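In what follows, a single structure is set out as structure tokens and then discussed.
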Amino acid sequence: MRRGQLPLNALRVFDAAARHLSFKLAADELAVTPAAVSQQIRALEDTLGVVLFKRQTRGLELTHEAQLALPALREGFLQFEEVVRLLQLTQRSDMLTVSVAPSFASKWLVPRIERFYNSVPDMDVRIDASNALVNFGQDNIDLAIRYGAGDYPQLLSERLIDEAVSPVCSPDLYASGGLETPQGLRDLILIHDDSSIEDESCPTWSMWLRAAGVGDIEGDRGLHFNQSNLAIEAAVAGKGVALAKHTIAADDIEHGRLVRPFADEQPVNFAYYLVAPMDRWRLPKVARFVEWLREEAAAMKPPAEQISNDHTDGKDPVNHLD
């Protein structure tokens, strides 16, 4: 049967009647009369040359042929619905809305976003900085970037950037001396990023000091922040030494606002993921933005290349976690 001859309306009636096993309930769902449903089913049976229902005294029963055909029919209707949603989303707006955690937005995405506009000048981006759970439909979100374990039920996710942590401080604080070894931390304020409390693989200052063989420093003392970017800003301002995520600190290290006094870095299990429903991934605007994000992530300098001596008065970073 050619595509133009497909009895789509009758197939829709068949699907409803098969789900309810009742012409009356199918008619209620479709807002037609039971007689109209019965007529459509008979016409479909005549067209296909098969019997779809056994009319029993107590109701309807699917024939073997109908049972074989239903899974493929329902999959076809799901694909039709997805196409319609895709077309609606495409027409809704040329602006792409991306939901991003505030720290990732301010310290990674925003410093790079100008490069996206230079490469794709005809597309607008709205950044929704939030850690809240996203309802992609109600909130009109096209794409989310989340820090986590990658488990996002009923959504498609792609690992974008791996994460690790290491101590960082301002160049002036490092140049003032005392950080040739981790023992020098006893005279400085420790800055804590408490946002990764759910990631058991992410070390705290207490864990880091213990691994570095420093047992006489209270690891919980100092400044505590619930967002990574606030911990970074405190370190940039010279308020102490932060145990910072590599991705969040990368831009400040590259531009000389932070240095890493010790050449160690501890990988963690959590990472940054691109997350969205299937229909969003297929949108051209999402595909273009995702392609750019992949390029930016691939262009990031490895942590070892970000250990800079430009502001360390010739002092060499040392690794005490080998």
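In the structure tokens, each chain is lettered A, B, ... as it comes, each chain's residues begin at 1, and ligands are numbered from 1 in order of appearance.
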Report as a VMD selection string all protein, DNA and RNA residues lying within 12 Å of His192 of chain A, evaluated on only C-alpha atoms, omitting residues in the same chain fewer than 3 positions from it. chain A and resid 165 to 168 189 195 to 197 202 to 206 208 219 to 235 239 to 245
Neighbour list for Tyr152 of chain A as a PyMOL selection string, cut-off 10 Å, only C-alpha atoms, skip fewer than 4 positions in-chain: chain A and resi 146+148+156-157+273+275-276
Would you mind exporting the chosen residues as a PDB file, in the first residue's frame, restricted to C-alpha atoms?
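Saved the output as again16.pdb:
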ATOM      1  CA  ARG A 146      24.839  19.122  35.155  1.00  0.00           C
ATOM      2  CA  GLY A 148      26.917  14.472  38.677  1.00  0.00           C
ATOM      3  CA  LEU A 156      19.804  11.241  27.159  1.00  0.00           C
ATOM      4  CA  SER A 157      23.135  12.375  28.586  1.00  0.00           C
ATOM      5  CA  TYR A 273      27.130  16.067  31.512  1.00  0.00           C
ATOM      6  CA  VAL A 275      21.406  16.339  29.455  1.00  0.00           C
ATOM      7  CA  ALA A 276      18.206  16.638  27.415  1.00  0.00           C
TER       8      ALA A 276
END
Here atom CA of Ser106 of chain A and atom CA of Val259 of chain A stand apart by 19.0 Å
Any idea what's packed within 12 Å of Asp15 of chain A, counting only C-alpha atoms, ignoring anything in its chain fewer than 2 positions away? Could you give it as a PyMOL selection string? chain A and resi 8-13+17-23+25-27+29-30+37+40-41+44+52-53+62+66-67+69-78
Given the selection you just returned, output its residues as a file containing N, CA, C and O atoms, formatted as a short mmCIF file (atom, residue, chain, number, x, y, z; two decimals), in the first residue's frame.
data_model
loop_
_atom_site.label_atom_id
_atom_site.label_comp_id
_atom_site.auth_asym_id
_atom_site.auth_seq_id
_atom_site.Cartn_x
_atom_site.Cartn_y
_atom_site.Cartn_z
N LEU A 8 -4.82 6.30 7.92
CA LEU A 8 -4.29 6.72 9.21
C LEU A 8 -5.37 6.92 10.25
O LEU A 8 -5.19 6.56 11.42
N ASN A 9 -6.50 7.51 9.87
CA ASN A 9 -7.56 7.74 10.84
C ASN A 9 -8.13 6.43 11.35
O ASN A 9 -8.37 6.26 12.56
N ALA A 10 -8.32 5.47 10.44
CA ALA A 10 -8.85 4.17 10.85
C ALA A 10 -7.84 3.44 11.74
O ALA A 10 -8.23 2.75 12.70
N LEU A 11 -6.57 3.59 11.45
CA LEU A 11 -5.55 2.96 12.30
C LEU A 11 -5.55 3.57 13.70
O LEU A 11 -5.33 2.86 14.70
N ARG A 12 -5.80 4.86 13.79
CA ARG A 12 -5.89 5.51 15.10
C ARG A 12 -7.09 4.97 15.88
O ARG A 12 -7.00 4.73 17.09
N VAL A 13 -8.20 4.75 15.19
CA VAL A 13 -9.38 4.18 15.82
C VAL A 13 -9.09 2.75 16.29
O VAL A 13 -9.46 2.33 17.39
N ALA A 17 -9.41 1.30 20.11
CA ALA A 17 -10.29 0.17 20.40
C ALA A 17 -9.49 -1.01 20.98
O ALA A 17 -9.98 -1.73 21.86
N ALA A 18 -8.28 -1.21 20.49
CA ALA A 18 -7.44 -2.30 20.99
C ALA A 18 -7.00 -2.05 22.42
O ALA A 18 -6.89 -2.98 23.23
N ARG A 19 -6.74 -0.79 22.76
CA ARG A 19 -6.34 -0.48 24.13
C ARG A 19 -7.48 -0.68 25.11
O ARG A 19 -7.29 -1.15 26.24
N HIS A 20 -8.66 -0.31 24.71
CA HIS A 20 -9.82 -0.40 25.61
C HIS A 20 -10.57 -1.72 25.49
O HIS A 20 -11.32 -2.08 26.40
N LEU A 21 -10.37 -2.42 24.36
CA LEU A 21 -11.18 -3.60 24.04
C LEU A 21 -12.66 -3.27 24.18
O LEU A 21 -13.46 -4.05 24.71
N SER A 22 -12.98 -2.09 23.68
CA SER A 22 -14.37 -1.61 23.74
C SER A 22 -14.56 -0.50 22.73
O SER A 22 -13.80 0.47 22.73
N PHE A 23 -15.57 -0.66 21.85
CA PHE A 23 -15.87 0.41 20.90
C PHE A 23 -16.42 1.64 21.62
O PHE A 23 -16.14 2.77 21.23
N LEU A 25 -15.71 2.76 24.78
CA LEU A 25 -14.65 3.51 25.45
C LEU A 25 -13.74 4.18 24.42
O LEU A 25 -13.25 5.29 24.64
N ALA A 26 -13.50 3.50 23.30
CA ALA A 26 -12.70 4.11 22.23
C ALA A 26 -13.42 5.33 21.68
O ALA A 26 -12.79 6.37 21.40
N ALA A 27 -14.74 5.23 21.55
CA ALA A 27 -15.52 6.36 21.05
C ALA A 27 -15.46 7.54 22.01
O ALA A 27 -15.34 8.70 21.59
N GLU A 29 -12.98 8.26 24.02
CA GLU A 29 -11.64 8.85 23.90
C GLU A 29 -11.53 9.72 22.66
O GLU A 29 -10.92 10.80 22.69
N LEU A 30 -12.13 9.27 21.57
CA LEU A 30 -11.98 9.97 20.29
C LEU A 30 -13.08 10.99 20.03
O LEU A 30 -13.07 11.66 18.98
N VAL A 37 -16.99 4.27 15.37
CA VAL A 37 -15.82 3.42 15.62
C VAL A 37 -15.99 2.08 14.93
O VAL A 37 -15.09 1.58 14.24
N GLN A 40 -15.45 2.39 11.21
CA GLN A 40 -14.04 2.56 10.84
C GLN A 40 -13.31 1.22 10.92
O GLN A 40 -12.47 0.90 10.07
N ILE A 41 -13.60 0.43 11.95
CA ILE A 41 -12.94 -0.87 12.11
C ILE A 41 -13.31 -1.80 10.96
O ILE A 41 -12.44 -2.49 10.39
N LEU A 44 -11.51 -0.75 7.87
CA LEU A 44 -10.09 -1.11 7.94
C LEU A 44 -9.89 -2.59 7.69
O LEU A 44 -8.96 -3.00 6.98
N LEU A 52 -9.72 -8.08 12.69
CA LEU A 52 -8.94 -7.53 13.78
C LEU A 52 -9.51 -7.84 15.15
O LEU A 52 -8.75 -7.92 16.13
N PHE A 53 -10.82 -7.97 15.22
CA PHE A 53 -11.45 -8.22 16.51
C PHE A 53 -12.41 -9.41 16.41
O PHE A 53 -13.11 -9.57 15.40
N LEU A 62 -8.86 -9.41 20.67
CA LEU A 62 -7.96 -9.22 19.53
C LEU A 62 -7.68 -10.54 18.84
O LEU A 62 -7.45 -11.56 19.50
N ALA A 66 -4.11 -9.10 14.74
CA ALA A 66 -4.12 -7.79 15.39
C ALA A 66 -3.03 -7.70 16.44
O ALA A 66 -2.35 -6.67 16.57
N GLN A 67 -2.84 -8.78 17.21
CA GLN A 67 -1.81 -8.78 18.24
C GLN A 67 -0.42 -8.64 17.63
O GLN A 67 0.46 -7.98 18.21
N ALA A 69 0.28 -7.03 14.86
CA ALA A 69 0.44 -5.71 14.22
C ALA A 69 0.53 -4.57 15.22
O ALA A 69 1.14 -3.53 14.94
N LEU A 70 -0.08 -4.71 16.40
CA LEU A 70 -0.20 -3.59 17.34
C LEU A 70 1.14 -2.99 17.78
O LEU A 70 1.28 -1.76 17.81
N PRO A 71 2.16 -3.78 18.16
CA PRO A 71 3.41 -3.17 18.62
C PRO A 71 4.03 -2.23 17.57
O PRO A 71 4.47 -1.12 17.89
N ALA A 72 4.06 -2.66 16.31
CA ALA A 72 4.63 -1.82 15.26
C ALA A 72 3.77 -0.58 15.03
O ALA A 72 4.29 0.51 14.78
N LEU A 73 2.44 -0.75 15.10
CA LEU A 73 1.54 0.39 14.92
C LEU A 73 1.77 1.44 16.00
O LEU A 73 1.88 2.64 15.71
N ARG A 74 1.86 0.99 17.25
CA ARG A 74 2.05 1.93 18.35
C ARG A 74 3.42 2.60 18.30
O ARG A 74 3.56 3.78 18.63
N GLU A 75 4.42 1.88 17.86
CA GLU A 75 5.74 2.49 17.68
C GLU A 75 5.67 3.56 16.60
O GLU A 75 6.28 4.62 16.71
N GLY A 76 4.91 3.28 15.56
CA GLY A 76 4.74 4.27 14.50
C GLY A 76 4.07 5.54 14.99
O GLY A 76 4.48 6.66 14.66
N PHE A 77 3.02 5.39 15.81
CA PHE A 77 2.34 6.57 16.36
C PHE A 77 3.27 7.36 17.28
O PHE A 77 3.24 8.59 17.29
N LEU A 78 4.11 6.67 18.06
CA LEU A 78 5.07 7.37 18.92
C LEU A 78 6.04 8.20 18.08
O LEU A 78 6.40 9.33 18.44
#
Would you mind telling me which residue in A:Gly177, A:Ala105, A:Asp172, A:Glu265 lies nearest to Ala212 of chain A when using only C-alpha atoms?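 Of A:Gly177, A:Ala105, A:Asp172, A:Glu265, the one nearest Ala212 of chain A is A:Glu265, counting only C-alpha atoms.
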In terms of the shortest atom-to-atom distance over only C-alpha atoms, which of A:Arg112, A:Arg288, A:Arg280, A:Lys107 is closest to Ile248 of chain A?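 Nearest candidate to Ile248 of chain A out of A:Arg112, A:Arg288, A:Arg280, A:Lys107: A:Lys107.
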Let me make sure I understand: among A:Pro277, A:Val32, A:Glu65, A:Val98, which one has the smallest atom-to-atom distance to Asp124 of chain A if we use only C-alpha atoms?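 Smallest separation from Asp124 of chain A among the options: A:Val98.
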Going by DSSP on the backbone, which residues of segment 78-226 of chain A come out as strand (DSSP E)? List them as a VMD selection string. chain A and resid 96 to 100 125 to 129 143 to 148 156 to 168 190 to 193 223 to 225
What does the distance from atom CA of Cys169 of chain A to atom CA of Glu114 of chain A come to in Å, to one decimal?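 Interatomic distance, atom CA of Cys169 of chain A to atom CA of Glu114 of chain A: 27.0 Å.
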Kindly give the distance, in Å, that separates atom CA of Val100 of chain A and atom CA of Leu283 of chain A, rounded to a single decimal. 18.6 Å
With DSSP run on the backbone, what are the alpha helix (DSSP H) residues within segment 173-211 of chain A? I'd like them as a PDB file with C-alpha atoms, in the first residue's frame.
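Result file selection_4.pdb:
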ATOM      1  CA  LEU A 173      49.706  34.654  48.398  1.00  0.00           C
ATOM      2  CA  TYR A 174      52.054  32.096  46.875  1.00  0.00           C
ATOM      3  CA  ALA A 175      54.789  34.683  46.395  1.00  0.00           C
ATOM      4  CA  TRP A 205      40.639  19.302  52.958  1.00  0.00           C
ATOM      5  CA  SER A 206      40.902  16.735  55.763  1.00  0.00           C
ATOM      6  CA  MET A 207      41.273  13.923  53.235  1.00  0.00           C
ATOM      7  CA  TRP A 208      43.768  15.893  51.129  1.00  0.00           C
ATOM      8  CA  LEU A 209      45.949  16.786  54.130  1.00  0.00           C
ATOM      9  CA  ARG A 210      45.925  13.192  55.332  1.00  0.00           C
ATOM     10  CA  ALA A 211      47.020  11.970  51.882  1.00  0.00           C
TER      11      ALA A 211
END
Which of these residues is nearest to Gln39 of chain A, using only C-alpha atoms: A:Leu179, A:Phe14, A:Val236, A:Leu188? A:Phe14
